[in-house]
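Containing PDB, C-alpha atoms: protein-v2.pdb.
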```pdb
ATOM      1  CA  MET A   5     -38.888  41.418  75.867
ATOM      2  CA  GLU A   6     -40.098  44.848  74.812
ATOM      3  CA  GLU A   7     -41.618  45.292  71.354
ATOM      4  CA  GLY A   8     -39.058  46.322  68.798
ATOM      5  CA  SER A   9     -36.106  44.969  70.784
ATOM      6  CA  SER A  10     -33.649  42.539  69.181
ATOM      7  CA  VAL A  11     -31.139  39.922  70.264
ATOM      8  CA  ASP A  12     -27.442  40.497  69.733
ATOM      9  CA  PHE A  13     -26.278  37.001  68.736
ATOM     10  CA  TYR A  14     -22.659  38.059  69.125
ATOM     11  CA  SER A  15     -23.254  38.529  72.858
ATOM     12  CA  LEU A  16     -24.677  35.036  73.383
ATOM     13  CA  PRO A  17     -22.525  32.436  75.163
ATOM     14  CA  GLU A  18     -20.815  29.939  72.852
ATOM     15  CA  GLY A  19     -22.803  27.061  74.334
ATOM     16  CA  CYS A  20     -26.059  28.807  73.490
ATOM     17  CA  ILE A  21     -24.929  29.394  69.912
ATOM     18  CA  SER A  22     -23.966  25.713  69.660
ATOM     19  CA  ASN A  23     -27.429  24.677  70.814
ATOM     20  CA  ILE A  24     -29.009  26.893  68.176
ATOM     21  CA  LEU A  25     -26.754  25.628  65.394
ATOM     22  CA  SER A  26     -27.404  22.009  66.355
ATOM     23  CA  LEU A  27     -31.033  22.584  65.354
ATOM     24  CA  THR A  28     -30.057  23.593  61.819
ATOM     25  CA  THR A  29     -28.213  21.536  59.177
ATOM     26  CA  PRO A  30     -24.551  20.721  58.457
ATOM     27  CA  ARG A  31     -24.656  23.157  55.540
ATOM     28  CA  ASP A  32     -25.966  25.962  57.780
ATOM     29  CA  ALA A  33     -23.398  25.212  60.477
ATOM     30  CA  CYS A  34     -20.558  25.412  57.945
ATOM     31  CA  ARG A  35     -21.858  28.710  56.618
ATOM     32  CA  SER A  36     -22.257  30.185  60.100
ATOM     33  CA  SER A  37     -18.615  29.431  60.911
ATOM     34  CA  LEU A  38     -17.707  32.323  58.584
ATOM     35  CA  VAL A  39     -19.598  34.875  60.690
ATOM     36  CA  SER A  40     -17.065  35.309  63.477
ATOM     37  CA  SER A  41     -14.501  33.449  65.559
ATOM     38  CA  ILE A  42     -17.028  32.637  68.276
ATOM     39  CA  PHE A  43     -19.475  31.318  65.684
ATOM     40  CA  LYS A  44     -16.704  29.191  64.154
ATOM     41  CA  SER A  45     -15.828  27.739  67.552
ATOM     42  CA  ALA A  46     -19.503  26.990  68.221
ATOM     43  CA  ALA A  47     -20.100  25.578  64.725
ATOM     44  CA  ASP A  48     -17.128  23.200  65.052
ATOM     45  CA  SER A  49     -18.066  21.948  68.508
ATOM     46  CA  ASP A  50     -18.845  18.322  69.272
ATOM     47  CA  ALA A  51     -22.228  19.396  70.653
ATOM     48  CA  VAL A  52     -23.277  20.494  67.170
ATOM     49  CA  TRP A  53     -21.896  17.585  65.140
ATOM     50  CA  GLU A  54     -23.101  14.952  67.585
ATOM     51  CA  LYS A  55     -26.633  16.077  66.666
ATOM     52  CA  PHE A  56     -25.852  15.803  62.937
ATOM     53  CA  LEU A  57     -24.595  12.229  63.254
ATOM     54  CA  PRO A  58     -27.273   9.487  63.108
ATOM     55  CA  SER A  59     -28.424   8.437  66.557
ATOM     56  CA  ASP A  60     -27.291   4.866  65.790
ATOM     57  CA  TYR A  61     -23.927   5.746  64.223
ATOM     58  CA  GLN A  62     -21.966   3.775  66.826
ATOM     59  CA  ASP A  63     -23.953   0.626  66.050
ATOM     60  CA  ILE A  64     -23.423   1.146  62.310
ATOM     61  CA  ILE A  65     -19.673   1.581  62.774
ATOM     62  CA  SER A  66     -19.525  -1.560  64.930
ATOM     63  CA  ARG A  67     -20.878  -3.531  61.953
ATOM     64  CA  SER A  68     -18.039  -2.410  59.680
ATOM     65  CA  VAL A  69     -16.104  -5.285  58.107
ATOM     66  CA  SER A  70     -13.018  -3.198  57.326
ATOM     67  CA  PRO A  71     -10.687  -1.436  59.769
ATOM     68  CA  PHE A  72     -12.220   1.793  61.033
ATOM     69  CA  PRO A  73     -10.155   4.605  62.617
ATOM     70  CA  ALA A  74     -10.391   4.289  66.383
ATOM     71  CA  LEU A  75     -10.012   7.960  67.196
ATOM     72  CA  PHE A  76     -11.074  11.236  65.611
ATOM     73  CA  SER A  77     -10.033  14.681  66.792
ATOM     74  CA  SER A  78     -13.668  15.813  66.776
ATOM     75  CA  LYS A  79     -17.202  14.715  65.982
ATOM     76  CA  LYS A  80     -17.012  16.938  62.904
ATOM     77  CA  ASP A  81     -14.026  14.931  61.635
ATOM     78  CA  LEU A  82     -15.969  11.706  62.216
ATOM     79  CA  TYR A  83     -18.961  13.137  60.358
ATOM     80  CA  LEU A  84     -16.835  14.176  57.382
ATOM     81  CA  HIS A  85     -15.121  10.789  57.345
ATOM     82  CA  LEU A  86     -18.508   9.069  57.019
ATOM     83  CA  CYS A  87     -19.397  11.461  54.196
ATOM     84  CA  ASN A  88     -16.178  10.951  52.255
ATOM     85  CA  HIS A  89     -15.480   7.267  52.927
ATOM     86  CA  THR A  90     -18.009   4.536  52.222
ATOM     87  CA  ILE A  91     -17.800   1.742  54.789
ATOM     88  CA  LEU A  92     -18.822  -1.867  54.247
ATOM     89  CA  ILE A  93     -21.152  -3.314  56.869
ATOM     90  CA  ASP A  94     -23.160  -6.486  57.534
ATOM     91  CA  GLU A  95     -20.521  -8.974  56.332
ATOM     92  CA  GLY A  96     -19.803  -6.842  53.290
ATOM     93  CA  LYS A  97     -23.367  -7.121  51.944
ATOM     94  CA  LYS A  98     -24.149  -3.422  52.316
ATOM     95  CA  SER A  99     -22.282  -0.139  52.207
ATOM     96  CA  PHE A 100     -23.008   2.961  54.270
ATOM     97  CA  ALA A 101     -22.221   6.668  54.008
ATOM     98  CA  LEU A 102     -23.729  10.012  54.964
ATOM     99  CA  GLU A 103     -25.089  12.604  52.563
ATOM    100  CA  LYS A 104     -22.740  15.526  53.181
ATOM    101  CA  TRP A 105     -25.072  18.511  53.425
ATOM    102  CA  SER A 106     -27.965  16.862  55.242
ATOM    103  CA  GLY A 107     -26.416  14.070  57.313
ATOM    104  CA  ARG A 108     -29.003  11.605  56.033
ATOM    105  CA  LYS A 109     -28.089   7.953  55.576
ATOM    106  CA  CYS A 110     -27.141   6.389  52.254
ATOM    107  CA  TYR A 111     -26.929   2.644  51.676
ATOM    108  CA  MET A 112     -26.106   0.326  48.827
ATOM    109  CA  VAL A 113     -27.308  -3.284  48.859
ATOM    110  CA  ALA A 114     -24.713  -5.534  47.197
ATOM    111  CA  ALA A 115     -25.632  -7.783  44.284
ATOM    112  CA  ARG A 116     -25.039 -10.804  46.553
ATOM    113  CA  GLU A 117     -27.846  -9.555  48.776
ATOM    114  CA  LEU A 118     -30.290  -9.163  45.879
ATOM    115  CA  LEU A 119     -32.652 -11.800  44.565
ATOM    116  CA  ILE A 120     -31.497 -12.329  40.980
ATOM    117  CA  ILE A 121     -33.574 -14.927  39.165
ATOM    118  CA  TRP A 122     -31.206 -17.669  37.885
ATOM    119  CA  GLY A 123     -28.378 -15.817  39.655
ATOM    120  CA  ASP A 124     -26.867 -19.044  40.985
ATOM    121  CA  THR A 125     -27.054 -20.842  37.637
ATOM    122  CA  PRO A 126     -23.583 -20.706  35.989
ATOM    123  CA  GLU A 127     -25.029 -20.900  32.476
ATOM    124  CA  TYR A 128     -26.938 -17.649  33.016
ATOM    125  CA  TRP A 129     -24.984 -15.548  35.523
ATOM    126  CA  ARG A 130     -21.494 -15.601  36.974
ATOM    127  CA  TRP A 131     -19.936 -13.888  39.972
ATOM    128  CA  ILE A 132     -16.735 -11.946  39.348
ATOM    129  CA  SER A 133     -14.500  -9.457  41.164
ATOM    130  CA  LEU A 134     -13.871  -5.966  39.817
ATOM    131  CA  PRO A 135     -11.384  -3.539  41.377
ATOM    132  CA  GLU A 136     -13.748  -0.613  40.798
ATOM    133  CA  SER A 137     -16.555  -2.239  42.815
ATOM    134  CA  ARG A 138     -16.942  -1.467  46.505
ATOM    135  CA  PHE A 139     -18.052  -5.079  47.076
ATOM    136  CA  SER A 140     -15.987  -8.258  46.817
ATOM    137  CA  ASP A 141     -17.961  -9.563  43.852
ATOM    138  CA  VAL A 142     -20.546  -8.465  41.307
ATOM    139  CA  ALA A 143     -23.033 -10.329  39.125
ATOM    140  CA  GLU A 144     -22.380 -10.596  35.380
ATOM    141  CA  LEU A 145     -25.230 -11.580  33.076
ATOM    142  CA  LEU A 146     -24.157 -14.250  30.579
ATOM    143  CA  ASP A 147     -27.377 -15.164  28.803
ATOM    144  CA  VAL A 148     -31.036 -15.018  29.867
ATOM    145  CA  PHE A 149     -34.409 -14.414  28.299
ATOM    146  CA  TRP A 150     -35.980 -13.699  31.710
ATOM    147  CA  LEU A 151     -34.361 -10.759  33.542
ATOM    148  CA  GLU A 152     -35.672 -10.213  37.064
ATOM    149  CA  ILE A 153     -33.975  -8.565  40.057
ATOM    150  CA  HIS A 154     -35.378  -7.718  43.509
ATOM    151  CA  GLY A 155     -33.895  -6.040  46.578
ATOM    152  CA  LYS A 156     -35.229  -5.098  50.015
ATOM    153  CA  MET A 157     -34.334  -2.608  52.734
ATOM    154  CA  ASP A 158     -35.785  -2.178  56.216
ATOM    155  CA  THR A 159     -37.050   1.398  56.545
ATOM    156  CA  GLN A 160     -35.895   1.477  60.187
ATOM    157  CA  MET A 161     -32.327   1.627  58.879
ATOM    158  CA  LEU A 162     -33.011   4.819  56.909
ATOM    159  CA  SER A 163     -33.319   8.451  57.941
ATOM    160  CA  MET A 164     -36.809   9.485  59.007
ATOM    161  CA  LYS A 165     -38.871  12.222  57.358
ATOM    162  CA  THR A 166     -36.870  11.721  54.176
ATOM    163  CA  THR A 167     -37.770  11.046  50.549
ATOM    164  CA  TYR A 168     -35.472   8.341  49.201
ATOM    165  CA  ALA A 169     -34.798   7.232  45.655
ATOM    166  CA  ALA A 170     -33.516   3.776  44.722
ATOM    167  CA  TYR A 171     -30.947   3.375  41.939
ATOM    168  CA  LEU A 172     -29.732   0.265  40.162
ATOM    169  CA  VAL A 173     -25.931   0.595  39.870
ATOM    170  CA  TYR A 174     -24.518  -1.272  36.886
ATOM    171  CA  LYS A 175     -22.259  -1.244  33.835
ATOM    172  CA  PHE A 176     -21.922  -3.152  30.576
ATOM    173  CA  THR A 177     -19.384  -5.503  29.057
ATOM    174  CA  GLU A 178     -18.016  -4.870  25.566
ATOM    175  CA  ASP A 179     -20.318  -7.460  23.972
ATOM    176  CA  THR A 180     -23.637  -6.402  25.512
ATOM    177  CA  TYR A 181     -26.796  -7.256  23.584
ATOM    178  CA  GLY A 182     -30.553  -7.578  24.000
ATOM    179  CA  LEU A 183     -30.956  -4.995  26.778
ATOM    180  CA  GLY A 184     -33.739  -2.529  25.996
ATOM    181  CA  PRO A 185     -36.558  -0.999  28.048
ATOM    182  CA  VAL A 186     -37.187  -2.609  31.445
ATOM    183  CA  GLU A 187     -39.929  -2.220  34.037
ATOM    184  CA  VAL A 188     -39.025  -1.024  37.545
ATOM    185  CA  SER A 189     -40.915  -0.373  40.757
ATOM    186  CA  VAL A 190     -40.296   0.685  44.352
ATOM    187  CA  LYS A 191     -42.972  -0.126  46.901
ATOM    188  CA  PHE A 192     -43.519  -1.044  50.532
ATOM    189  CA  VAL A 193     -43.833  -4.790  51.044
ATOM    190  CA  ARG A 194     -46.614  -4.107  53.502
ATOM    191  CA  GLY A 195     -49.131  -1.678  52.088
ATOM    192  CA  GLY A 196     -47.898  -1.390  48.517
ATOM    193  CA  GLY A 197     -47.059   1.977  46.996
ATOM    194  CA  GLY A 198     -45.569   2.988  43.664
ATOM    195  CA  GLY A 199     -46.496   1.129  40.489
ATOM    196  CA  TRP A 200     -44.379  -0.044  37.575
ATOM    197  CA  HIS A 201     -42.817   2.295  35.048
ATOM    198  CA  THR A 202     -40.438   1.944  32.120
ATOM    199  CA  VAL A 203     -36.772   2.949  32.081
ATOM    200  CA  TYR A 204     -34.122   2.597  29.390
ATOM    201  CA  MET A 205     -30.814   0.986  30.322
ATOM    202  CA  ASP A 206     -29.238   2.428  27.135
ATOM    203  CA  SER A 207     -26.400  -0.045  26.626
ATOM    204  CA  ASP A 208     -24.802   1.874  23.740
ATOM    205  CA  GLY A 209     -25.334   5.354  25.193
ATOM    206  CA  SER A 210     -27.330   6.546  22.177
ATOM    207  CA  LEU A 211     -30.348   7.721  24.168
ATOM    208  CA  ARG A 212     -28.183   9.721  26.546
ATOM    209  CA  ARG A 213     -26.372  11.379  23.662
ATOM    210  CA  LYS A 214     -29.598  12.219  21.844
ATOM    211  CA  HIS A 215     -31.138  13.453  25.090
ATOM    212  CA  GLN A 216     -28.168  15.786  25.582
ATOM    213  CA  ILE A 217     -28.452  17.062  21.997
ATOM    214  CA  PHE A 218     -32.182  17.633  22.480
ATOM    215  CA  GLN A 219     -31.556  19.632  25.663
ATOM    216  CA  GLN A 220     -28.983  21.797  23.890
ATOM    217  CA  THR A 221     -30.749  22.334  20.558
ATOM    218  CA  GLY A 222     -34.337  21.141  20.899
ATOM    219  CA  GLN A 223     -33.825  18.952  17.815
ATOM    220  CA  VAL A 224     -32.797  15.343  17.248
ATOM    221  CA  ARG A 225     -31.733  13.629  14.034
ATOM    222  CA  VAL A 226     -33.574  10.354  13.683
ATOM    223  CA  SER A 227     -31.571   7.543  12.064
ATOM    224  CA  SER A 228     -32.396   3.999  11.050
ATOM    225  CA  SER A 229     -30.741   2.712  14.222
ATOM    226  CA  TYR A 230     -32.830   4.971  16.448
ATOM    227  CA  THR A 231     -36.398   3.780  16.924
ATOM    228  CA  LEU A 232     -37.611   6.006  19.762
ATOM    229  CA  SER A 233     -40.079   8.561  18.388
ATOM    230  CA  PHE A 234     -39.693  12.297  18.806
ATOM    231  CA  PRO A 235     -42.713  12.603  21.157
ATOM    232  CA  ALA A 236     -41.282   9.799  23.275
ATOM    233  CA  LEU A 237     -37.932  11.594  23.501
ATOM    234  CA  ALA A 238     -39.660  14.825  24.468
ATOM    235  CA  HIS A 239     -41.366  12.854  27.218
ATOM    236  CA  LEU A 240     -37.966  11.642  28.416
ATOM    237  CA  VAL A 241     -36.792  15.228  28.736
ATOM    238  CA  GLN A 242     -39.622  15.785  31.182
ATOM    239  CA  ARG A 243     -38.890  12.563  33.080
ATOM    240  CA  LYS A 244     -35.135  12.290  33.393
ATOM    241  CA  ARG A 245     -35.376   9.299  35.679
ATOM    242  CA  GLN A 246     -36.216   7.140  32.663
ATOM    243  CA  LEU A 247     -32.655   7.539  31.407
ATOM    244  CA  PRO A 248     -29.476   6.333  33.133
ATOM    245  CA  ARG A 249     -26.800   8.643  34.470
ATOM    246  CA  GLU A 250     -23.051   8.159  34.531
ATOM    247  CA  ARG A 251     -21.642   8.265  38.054
ATOM    248  CA  GLY A 252     -18.337   9.678  39.160
ATOM    249  CA  ASP A 253     -17.098   6.217  40.158
ATOM    250  CA  GLY A 254     -17.245   4.801  36.607
ATOM    251  CA  TRP A 255     -20.580   3.032  37.035
ATOM    252  CA  ILE A 256     -24.016   3.851  35.615
ATOM    253  CA  GLU A 257     -27.221   4.274  37.602
ATOM    254  CA  ILE A 258     -30.883   4.308  36.700
ATOM    255  CA  GLU A 259     -33.573   5.534  39.078
ATOM    256  CA  MET A 260     -36.034   2.784  39.952
ATOM    257  CA  GLY A 261     -38.459   4.902  41.961
ATOM    258  CA  GLU A 262     -38.854   6.827  45.187
ATOM    259  CA  PHE A 263     -40.681   6.668  48.512
ATOM    260  CA  PHE A 264     -41.134   8.760  51.649
ATOM    261  CA  ASN A 265     -39.763   7.258  54.852
ATOM    262  CA  ASN A 266     -41.884   8.907  57.496
ATOM    263  CA  ARG A 267     -40.944   7.332  60.828
ATOM    264  CA  GLY A 268     -39.278   4.109  59.709
ATOM    265  CA  GLU A 269     -42.384   2.142  60.617
ATOM    266  CA  ASP A 270     -43.385   0.893  57.164
ATOM    267  CA  GLY A 271     -41.382  -2.323  57.338
ATOM    268  CA  GLU A 272     -39.435  -3.273  54.236
ATOM    269  CA  VAL A 273     -39.329  -1.432  50.944
ATOM    270  CA  GLU A 274     -38.863  -3.580  47.821
ATOM    271  CA  MET A 275     -37.056  -2.466  44.652
ATOM    272  CA  SER A 276     -37.701  -4.523  41.512
ATOM    273  CA  LEU A 277     -36.570  -4.668  37.878
ATOM    274  CA  ILE A 278     -37.987  -7.036  35.270
ATOM    275  CA  GLU A 279     -37.880  -7.663  31.527
ATOM    276  CA  VAL A 280     -39.685 -10.865  30.683
ATOM    277  CA  LYS A 281     -41.823  -9.995  27.644
ATOM    278  CA  GLY A 282     -39.298  -9.001  24.993
ATOM    279  CA  GLY A 283     -38.438 -12.560  24.027
ATOM    280  CA  LYS A 284     -34.824 -11.599  23.353
ATOM    281  CA  SER A 285     -31.682 -13.169  24.699
ATOM    282  CA  LYS A 286     -29.840 -10.683  26.926
ATOM    283  CA  SER A 287     -26.176 -10.541  27.951
ATOM    284  CA  GLY A 288     -23.419  -8.236  29.131
ATOM    285  CA  LEU A 289     -25.000  -6.560  32.175
ATOM    286  CA  ILE A 290     -22.890  -6.241  35.363
ATOM    287  CA  ILE A 291     -24.760  -5.514  38.595
ATOM    288  CA  GLN A 292     -22.976  -3.928  41.571
ATOM    289  CA  GLY A 293     -26.090  -3.336  43.680
ATOM    290  CA  ILE A 294     -29.028  -1.069  44.461
ATOM    291  CA  GLU A 295     -28.333   2.239  46.171
ATOM    292  CA  LEU A 296     -30.791   4.143  48.353
ATOM    293  CA  ARG A 297     -30.044   7.786  49.035
ATOM    294  CA  PRO A 298     -32.008  10.952  49.803
ATOM    295  CA  LYS A 299     -33.828  12.304  46.797
ATOM    296  CA  GLU A 300     -32.217  15.405  45.362
ATOM    297  CA  SER A 301     -34.371  18.464  45.862
ATOM    298  CA  LYS A 302     -35.827  19.912  42.685
TER     299      LYS A 302
END
```

How does the structure come out when it is put into structure tokens?
Amino acid sequence: MEEGSSVDFYSLPEGCISNILSLTTPRDACRSSLVSSIFKSAADSDAVWEKFLPSDYQDIISRSVSPFPALFSSKKDLYLHLCNHTILIDEGKKSFALEKWSGRKCYMVAARELLIIWGDTPEYWRWISLPESRFSDVAELLDVFWLEIHGKMDTQMLSMKTTYAAYLVYKFTEDTYGLGPVEVSVKFVRGGGGGWHTVYMDSDGSLRRKHQIFQQTGQVRVSSSYTLSFPALAHLVQRKRQLPRERGDGWIEIEMGEFFNNRGEDGEVEMSLIEVKGGKSKSGLIIQGIELRPKESK
């Protein structure tokens, strides 16, 4: 090609445009469909969306425990279905979905699949059903001094070359008590990784409200019921993951940590939460599971 010459993309065959778009992202493909009719046809083609689907999507779908539509009009429709509808897999012990704009995998490990210390002791925990949970049952904390929860996920199941964050998904009963700061960690079982750090479950929502006020005004009124110091709150502003976030599904989540899944060859990653030093009786925590999803870009 002579120096200074250019390529007229509008003159390229549709198949060539599809091949190019399949090397981009779902977001880019959707945007390119606005360029022209031929770009829209190429961007909507099965050749493009087959590349955006996980290579093992058929195996994942085959593990679904609920009825799954047998036919889709296109691979794009299948992709969007997996983005907008969480499916239960592996005997209902995990859920699966795709992150819409990247196509990366998202999983939640159900409470039944977690190691909850004393979880099978009726005096300490009980298993209940909630209509707002995606799983058949959730774990409700009745009364413990020793709070300890662990979960694992095989990195081969996750998207490669992706930074993941793990989130404890939970809510509180009306008579919650004793739940303060807890220690969390996310690390590879083989080879270690991230250390422990403190997060605040914030059962009464006071820290979230004061954090919001601080973001809006830069000032916080300290009351007798609020024991976190001003410097500590300022630190929380810089590290938002220490505070929980309300989800759109009515649950709360707190980030436990993150890790980079390079090629899925690191074995299992372990997510842990403990509070064993406070010496206080704790009650009123409801655990749905631990969710792993691609880390939001900053």

I need the residue set behind the PyMOL selection byres ((chain A and resi 187) around 8) for this file; please write it as an mmCIF file with C-alpha atoms, keeping the file's coordinate frame.
```
data_model
loop_
_atom_site.group_PDB
_atom_site.id
_atom_site.type_symbol
_atom_site.label_atom_id
_atom_site.label_comp_id
_atom_site.auth_asym_id
_atom_site.auth_seq_id
_atom_site.Cartn_x
_atom_site.Cartn_y
_atom_site.Cartn_z
ATOM 1 C CA PRO A 185 -36.558 -0.999 28.048
ATOM 2 C CA VAL A 186 -37.187 -2.609 31.445
ATOM 3 C CA VAL A 188 -39.025 -1.024 37.545
ATOM 4 C CA SER A 189 -40.915 -0.373 40.757
ATOM 5 C CA TRP A 200 -44.379 -0.044 37.575
ATOM 6 C CA HIS A 201 -42.817 2.295 35.048
ATOM 7 C CA THR A 202 -40.438 1.944 32.120
ATOM 8 C CA VAL A 203 -36.772 2.949 32.081
ATOM 9 C CA LEU A 277 -36.570 -4.668 37.878
ATOM 10 C CA ILE A 278 -37.987 -7.036 35.270
ATOM 11 C CA GLU A 279 -37.880 -7.663 31.527
#
```

Within 9 Å of stretch 155-165 of chain A: each stretch 94-119 of chain A residue with its shortest pair, only C-alpha atoms, as a Markdown table:
```
| residue | atom | partner | partner_atom | distance |
| --- | --- | --- | --- | --- |
| A:Gly107 | CA | A:Ser163 | CA | 8.9 |
| A:Arg108 | CA | A:Ser163 | CA | 5.7 |
| A:Lys109 | CA | A:Ser163 | CA | 5.8 |
| A:Cys110 | CA | A:Leu162 | CA | 7.7 |
| A:Tyr111 | CA | A:Leu162 | CA | 8.3 |
| A:Val113 | CA | A:Gly155 | CA | 7.5 |
| A:Ala115 | CA | A:Gly155 | CA | 8.8 |
| A:Glu117 | CA | A:Gly155 | CA | 7.3 |
| A:Leu118 | CA | A:Gly155 | CA | 4.8 |
| A:Leu119 | CA | A:Gly155 | CA | 6.2 |
```

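When all atoms listed in the file are used to compute distances to A:Pro30, the closest of the residues A:Ser78, A:Ser59, A:Trp105, A:Gly252 turns out to be A:Trp105.
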
Inset, instruction - Quick one: apply the PyMOL selection byres ((chain A and resi 169) around 9) to the file and drop the selected residues here as a PyMOL selection string. - result: chain A and resi 167-168+170-171+190+259-264+295-300

Emit the selected residues as a PDB file, keeping the file's coordinate frame, including C-alpha atoms.
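Output below, filename part.pdb:
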```
ATOM      1  CA  THR A 167     -37.770  11.046  50.549  1.00  0.00           C
ATOM      2  CA  TYR A 168     -35.472   8.341  49.201  1.00  0.00           C
ATOM      3  CA  ALA A 170     -33.516   3.776  44.722  1.00  0.00           C
ATOM      4  CA  TYR A 171     -30.947   3.375  41.939  1.00  0.00           C
ATOM      5  CA  VAL A 190     -40.296   0.685  44.352  1.00  0.00           C
ATOM      6  CA  GLU A 259     -33.573   5.534  39.078  1.00  0.00           C
ATOM      7  CA  MET A 260     -36.034   2.784  39.952  1.00  0.00           C
ATOM      8  CA  GLY A 261     -38.459   4.902  41.961  1.00  0.00           C
ATOM      9  CA  GLU A 262     -38.854   6.827  45.187  1.00  0.00           C
ATOM     10  CA  PHE A 263     -40.681   6.668  48.512  1.00  0.00           C
ATOM     11  CA  PHE A 264     -41.134   8.760  51.649  1.00  0.00           C
ATOM     12  CA  GLU A 295     -28.333   2.239  46.171  1.00  0.00           C
ATOM     13  CA  LEU A 296     -30.791   4.143  48.353  1.00  0.00           C
ATOM     14  CA  ARG A 297     -30.044   7.786  49.035  1.00  0.00           C
ATOM     15  CA  PRO A 298     -32.008  10.952  49.803  1.00  0.00           C
ATOM     16  CA  LYS A 299     -33.828  12.304  46.797  1.00  0.00           C
ATOM     17  CA  GLU A 300     -32.217  15.405  45.362  1.00  0.00           C
TER      18      GLU A 300
END
```

Legend entry - Residue nearest A:Gly184 among A:Ala33, A:Val280, A:Leu92, A:Ala74 (counting only C-alpha atoms): A:Val280

Inset, instruction - Take the PyMOL selection byres ((chain A and resi 97) around 7), apply it to the structure above, and return the hits as an MDAnalysis selection string. - result: chainID A and resid 93:96 98 113:114 116:117

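Proximity of A:Glu272, A:Glu257, A:Asp141, A:Lys286 to A:Gly182, computed with only C-alpha atoms, is greatest for A:Lys286.
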
Could stretch 34-45 of chain A be completed with N, CA and C atoms and written as a PDB file, in the coordinates of the input, please?
```pdb
ATOM      1  N   CYS A  34     -21.786  25.050  58.657  1.00  0.00           N
ATOM      2  CA  CYS A  34     -20.558  25.412  57.945  1.00  0.00           C
ATOM      3  C   CYS A  34     -20.595  26.877  57.507  1.00  0.00           C
ATOM      4  N   ARG A  35     -21.729  27.317  57.046  1.00  0.00           N
ATOM      5  CA  ARG A  35     -21.858  28.710  56.618  1.00  0.00           C
ATOM      6  C   ARG A  35     -21.710  29.667  57.803  1.00  0.00           C
ATOM      7  N   SER A  36     -22.296  29.298  58.936  1.00  0.00           N
ATOM      8  CA  SER A  36     -22.257  30.185  60.100  1.00  0.00           C
ATOM      9  C   SER A  36     -20.850  30.328  60.664  1.00  0.00           C
ATOM     10  N   SER A  37     -19.981  29.356  60.388  1.00  0.00           N
ATOM     11  CA  SER A  37     -18.615  29.431  60.911  1.00  0.00           C
ATOM     12  C   SER A  37     -17.845  30.601  60.313  1.00  0.00           C
ATOM     13  N   LEU A  38     -18.369  31.185  59.227  1.00  0.00           N
ATOM     14  CA  LEU A  38     -17.707  32.323  58.584  1.00  0.00           C
ATOM     15  C   LEU A  38     -18.098  33.655  59.221  1.00  0.00           C
ATOM     16  N   VAL A  39     -19.084  33.638  60.113  1.00  0.00           N
ATOM     17  CA  VAL A  39     -19.598  34.875  60.690  1.00  0.00           C
ATOM     18  C   VAL A  39     -18.573  35.538  61.607  1.00  0.00           C
ATOM     19  N   SER A  40     -18.020  34.766  62.511  1.00  0.00           N
ATOM     20  CA  SER A  40     -17.065  35.309  63.477  1.00  0.00           C
ATOM     21  C   SER A  40     -16.308  34.156  64.115  1.00  0.00           C
ATOM     22  N   SER A  41     -15.302  34.478  64.897  1.00  0.00           N
ATOM     23  CA  SER A  41     -14.501  33.449  65.559  1.00  0.00           C
ATOM     24  C   SER A  41     -15.323  32.664  66.575  1.00  0.00           C
ATOM     25  N   ILE A  42     -16.221  33.355  67.294  1.00  0.00           N
ATOM     26  CA  ILE A  42     -17.028  32.637  68.276  1.00  0.00           C
ATOM     27  C   ILE A  42     -18.036  31.733  67.586  1.00  0.00           C
ATOM     28  N   PHE A  43     -18.572  32.173  66.436  1.00  0.00           N
ATOM     29  CA  PHE A  43     -19.475  31.318  65.684  1.00  0.00           C
ATOM     30  C   PHE A  43     -18.725  30.111  65.124  1.00  0.00           C
ATOM     31  N   LYS A  44     -17.496  30.313  64.670  1.00  0.00           N
ATOM     32  CA  LYS A  44     -16.704  29.191  64.154  1.00  0.00           C
ATOM     33  C   LYS A  44     -16.444  28.162  65.243  1.00  0.00           C
ATOM     34  N   SER A  45     -16.076  28.655  66.435  1.00  0.00           N
ATOM     35  CA  SER A  45     -15.828  27.739  67.552  1.00  0.00           C
ATOM     36  C   SER A  45     -17.087  26.957  67.902  1.00  0.00           C
TER      37      SER A  45
END
```
